Amino acid sequence: MYSTFSKVDERAAGGSSIFVKDNVIHSTVQLTTDLQAVAIRLSLDKTITLCSIYIPPNSIIDKAKLKNLTDQLPSPFILMGDFNAHNPLWGSKTHNAKGKIIEDFVSQEGLCIFNDGSNTYLHPGNGSYSSIDITICDPSLLLDYSWRVHDDLCGSDHFPIVLEHFLILPNREYHVGNLTRRTGPCLRISVERNFSQRCLRLCKIQF
């Protein structure tokens with residue numbers, strides 16, 4: 001069974017949600033923000049904060065709002081979601097204003113980005129691919145997880161993003177920078193911005 005944590009803005013499409021297995025110790029993080037964001041604390045090998053966010057395509061985002069949000073997230077944290085932001089730093093072919101703002105924010109706050117340049121979004125109208133879903137974290141977590149894009153859209157137009165902890169993965173080798181890590185059985189974190197029935201199906205698919 002899963003517990004659900006959601007936030008929706010009735011004036012805009014989207015919303016943000018986190019599903020977490022009931023056997024994982026977790027608690028809600030109360031946020032004071034007008035952003036479509038929701039956060040929880042998870043007790044894994046260590047306690048971390050996971051925050052899911054959705055920024056609509058035509059909305060304006062500024063560094064002050066992002067700073068206000070991350071200041072409310074107990075460290076260490078992972079912030080992931082659909083930012084509708086384009087920047088070659090995480091795999092986009094172009095820049096947009098949101099992409100530049102997020103790049104500057106990540107740099108100024110000393111944060112890290114998991115993305116490896118893979119496409120995360122399939123445009124339903126023209127069939128083009130882009131990378132607008134970003135996973136940001138405290139530097140202390142960067143080498144603790146592998147990051148990948150799942151190969152099944154699962155009924156969405158965004159590919160699920162999968163984070164897998166190195167300490168409890170099936171036996172595999174992963175390369176992070178110049179480091180090679182052999183993992184040894186898996187906690188998987190997947191965050192989707194829509195909290196519809198397809199999220200329930202997403203929780204049941206085999207990653």
# chains A, B, ... in the order shown; residues from 1 in each chain; ligands from 1
$ residues_around --residues "Ile60 of chain A" --least-positions-apart "4" --cutoff "9 Å" --atoms "only C-alpha atoms" --output "PDB file with N, CA, C and O atoms, in the first residue's frame"
ATOM      1  N   ILE A  55       6.231  23.259 -12.215  1.00  0.00           N
ATOM      2  CA  ILE A  55       6.175  24.660 -12.618  1.00  0.00           C
ATOM      3  C   ILE A  55       5.514  24.721 -13.988  1.00  0.00           C
ATOM      4  O   ILE A  55       6.075  24.221 -14.969  1.00  0.00           O
ATOM      5  N   PRO A  56       4.310  25.283 -14.099  1.00  0.00           N
ATOM      6  CA  PRO A  56       3.601  25.319 -15.383  1.00  0.00           C
ATOM      7  C   PRO A  56       4.402  26.050 -16.459  1.00  0.00           C
ATOM      8  O   PRO A  56       5.227  26.926 -16.152  1.00  0.00           O
ATOM      9  N   ALA A  97      14.188  31.236 -20.225  1.00  0.00           N
ATOM     10  CA  ALA A  97      14.415  32.057 -19.032  1.00  0.00           C
ATOM     11  C   ALA A  97      14.440  31.208 -17.768  1.00  0.00           C
ATOM     12  O   ALA A  97      15.280  31.416 -16.878  1.00  0.00           O
ATOM     13  N   LYS A  98      13.515  30.244 -17.669  1.00  0.00           N
ATOM     14  CA  LYS A  98      13.499  29.376 -16.488  1.00  0.00           C
ATOM     15  C   LYS A  98      14.809  28.600 -16.368  1.00  0.00           C
ATOM     16  O   LYS A  98      15.339  28.414 -15.270  1.00  0.00           O
TER      17      LYS A  98
END
$ residues_around --residues "segment 143-153 of chain A" --least-positions-apart "6" --cutoff "7 Å" --atoms "only C-alpha atoms" --output "number ranges by chain"
A: 114-115, 120, 159-166
$ closest_residue --among "A:Phe19, A:Phe105, A:Phe83, A:Tyr129" --to "Ser3 of chain A" --atoms "only C-alpha atoms"
A:Phe19
$ closest_residue --among "A:Ile78, A:Val38, A:Leu69, A:Ile136" --to "Trp90 of chain A" --atoms "only C-alpha atoms"
A:Ile136
$ select_by_dssp --residues "segment 6-169 of chain A" --states "alpha helix (DSSP H)" --output "list in words"
Lys63, Ala64, Lys65, Leu66, Lys67, Asn68, Leu69, Thr70, Asp71, Ala97, Lys98, Gly99, Lys100, Ile101, Ile102, Glu103, Asp104, Phe105, Val106, Ser107, Gln108 and Glu109 of chain A
$ closest_residue --among "A:Leu142, A:Val24, A:Val106, A:Leu89" --to "Leu44 of chain A" --atoms "only C-alpha atoms"
A:Val24
$ select_by_dssp --residues "segment 123-165 of chain A" --states "strand (DSSP E or B)" --output "PyMOL selection string"
chain A and resi 129-130+133-137+145-149+158+161-165
$ write_last_selection --atoms "N, CA, C and O atoms" --output "mmCIF file, in the first residue's frame"
data_model
loop_
_atom_site.group_PDB
_atom_site.id
_atom_site.type_symbol
_atom_site.label_atom_id
_atom_site.label_comp_id
_atom_site.auth_asym_id
_atom_site.auth_seq_id
_atom_site.Cartn_x
_atom_site.Cartn_y
_atom_site.Cartn_z
ATOM 1 N N TYR A 129 11.333 15.395 -28.564
ATOM 2 C CA TYR A 129 11.807 15.068 -27.226
ATOM 3 C C TYR A 129 12.543 16.266 -26.629
ATOM 4 O O TYR A 129 13.173 17.048 -27.346
ATOM 5 N N SER A 130 12.484 16.387 -25.313
ATOM 6 C CA SER A 130 13.237 17.430 -24.624
ATOM 7 C C SER A 130 13.511 16.983 -23.197
ATOM 8 O O SER A 130 13.023 15.945 -22.740
ATOM 9 N N ASP A 133 12.552 17.898 -17.068
ATOM 10 C CA ASP A 133 12.391 17.374 -15.710
ATOM 11 C C ASP A 133 13.778 17.292 -15.076
ATOM 12 O O ASP A 133 14.681 16.654 -15.615
ATOM 13 N N ILE A 134 13.937 17.928 -13.939
ATOM 14 C CA ILE A 134 15.256 18.090 -13.333
ATOM 15 C C ILE A 134 15.259 17.481 -11.936
ATOM 16 O O ILE A 134 14.265 17.563 -11.208
ATOM 17 N N THR A 135 16.384 16.877 -11.573
ATOM 18 C CA THR A 135 16.570 16.333 -10.232
ATOM 19 C C THR A 135 17.760 17.039 -9.591
ATOM 20 O O THR A 135 18.897 16.884 -10.029
ATOM 21 N N ILE A 136 17.483 17.827 -8.561
ATOM 22 C CA ILE A 136 18.476 18.649 -7.870
ATOM 23 C C ILE A 136 18.692 18.077 -6.474
ATOM 24 O O ILE A 136 17.750 17.589 -5.841
ATOM 25 N N CYS A 137 19.921 18.144 -5.976
ATOM 26 C CA CYS A 137 20.164 17.571 -4.648
ATOM 27 C C CYS A 137 21.280 18.301 -3.918
ATOM 28 O O CYS A 137 22.069 19.044 -4.507
ATOM 29 N N TYR A 145 23.209 7.875 -5.102
ATOM 30 C CA TYR A 145 22.135 7.383 -5.959
ATOM 31 C C TYR A 145 22.571 7.346 -7.416
ATOM 32 O O TYR A 145 23.362 8.177 -7.871
ATOM 33 N N SER A 146 22.011 6.380 -8.145
ATOM 34 C CA SER A 146 22.088 6.418 -9.601
ATOM 35 C C SER A 146 20.820 7.091 -10.114
ATOM 36 O O SER A 146 19.773 7.055 -9.462
ATOM 37 N N TRP A 147 20.911 7.711 -11.276
ATOM 38 C CA TRP A 147 19.786 8.442 -11.883
ATOM 39 C C TRP A 147 19.574 7.911 -13.284
ATOM 40 O O TRP A 147 20.531 7.745 -14.042
ATOM 41 N N ARG A 148 18.326 7.615 -13.629
ATOM 42 C CA ARG A 148 18.042 7.186 -14.991
ATOM 43 C C ARG A 148 16.607 7.518 -15.353
ATOM 44 O O ARG A 148 15.755 7.741 -14.478
ATOM 45 N N VAL A 149 16.354 7.552 -16.659
ATOM 46 C CA VAL A 149 15.014 7.768 -17.188
ATOM 47 C C VAL A 149 14.422 6.414 -17.550
ATOM 48 O O VAL A 149 15.036 5.642 -18.292
ATOM 49 N N HIS A 158 5.553 12.427 -19.854
ATOM 50 C CA HIS A 158 6.852 12.513 -19.192
ATOM 51 C C HIS A 158 7.324 11.112 -18.835
ATOM 52 O O HIS A 158 6.549 10.300 -18.322
ATOM 53 N N ILE A 161 11.307 9.372 -13.743
ATOM 54 C CA ILE A 161 12.706 9.468 -13.343
ATOM 55 C C ILE A 161 12.919 8.501 -12.182
ATOM 56 O O ILE A 161 12.169 8.522 -11.205
ATOM 57 N N VAL A 162 13.942 7.673 -12.275
ATOM 58 C CA VAL A 162 14.188 6.650 -11.259
ATOM 59 C C VAL A 162 15.524 6.927 -10.568
ATOM 60 O O VAL A 162 16.567 7.016 -11.215
ATOM 61 N N LEU A 163 15.470 7.073 -9.251
ATOM 62 C CA LEU A 163 16.674 7.164 -8.428
ATOM 63 C C LEU A 163 16.822 5.852 -7.676
ATOM 64 O O LEU A 163 15.870 5.395 -7.039
ATOM 65 N N GLU A 164 18.000 5.263 -7.733
ATOM 66 C CA GLU A 164 18.241 4.002 -7.041
ATOM 67 C C GLU A 164 19.454 4.154 -6.132
ATOM 68 O O GLU A 164 20.502 4.646 -6.554
ATOM 69 N N HIS A 165 19.279 3.734 -4.891
ATOM 70 C CA HIS A 165 20.350 3.897 -3.912
ATOM 71 C C HIS A 165 21.447 2.866 -4.154
ATOM 72 O O HIS A 165 21.181 1.680 -4.301
#
$ closest_residue --among "A:Lys67, A:Leu79, A:Ile25, A:Gly15" --to "Ala39 of chain A" --atoms "only C-alpha atoms"
A:Leu79
$ residues_around --residues "segment 71-74 of chain A" --least-positions-apart "3" --cutoff "8 Å" --atoms "only C-alpha atoms" --output "NGL selection string"
:A and (29 or 31 or 39 or 48-49 or 51 or 67-68 or 77)
$ write_last_selection --atoms "C-alpha atoms" --output "PDB file, in the first residue's frame"
ATOM      1  CA  VAL A  29       7.127  18.509   5.584  1.00  0.00           C
ATOM      2  CA  LEU A  31       5.619  24.064   3.171  1.00  0.00           C
ATOM      3  CA  ALA A  39       7.698  17.392   0.452  1.00  0.00           C
ATOM      4  CA  ILE A  48      16.446  12.641   3.631  1.00  0.00           C
ATOM      5  CA  THR A  49      13.866  15.116   2.384  1.00  0.00           C
ATOM      6  CA  CYS A  51      10.344  17.360  -2.654  1.00  0.00           C
ATOM      7  CA  LYS A  67      15.302  29.925  -2.248  1.00  0.00           C
ATOM      8  CA  ASN A  68      12.239  30.191   0.000  1.00  0.00           C
ATOM      9  CA  PHE A  77      17.217  17.040   0.262  1.00  0.00           C
TER      10      PHE A  77
END
$ atom_distance --atom1 "atom CA of Pro139 of chain A" --atom2 "atom CA of Asn119 of chain A"
23.0 Å
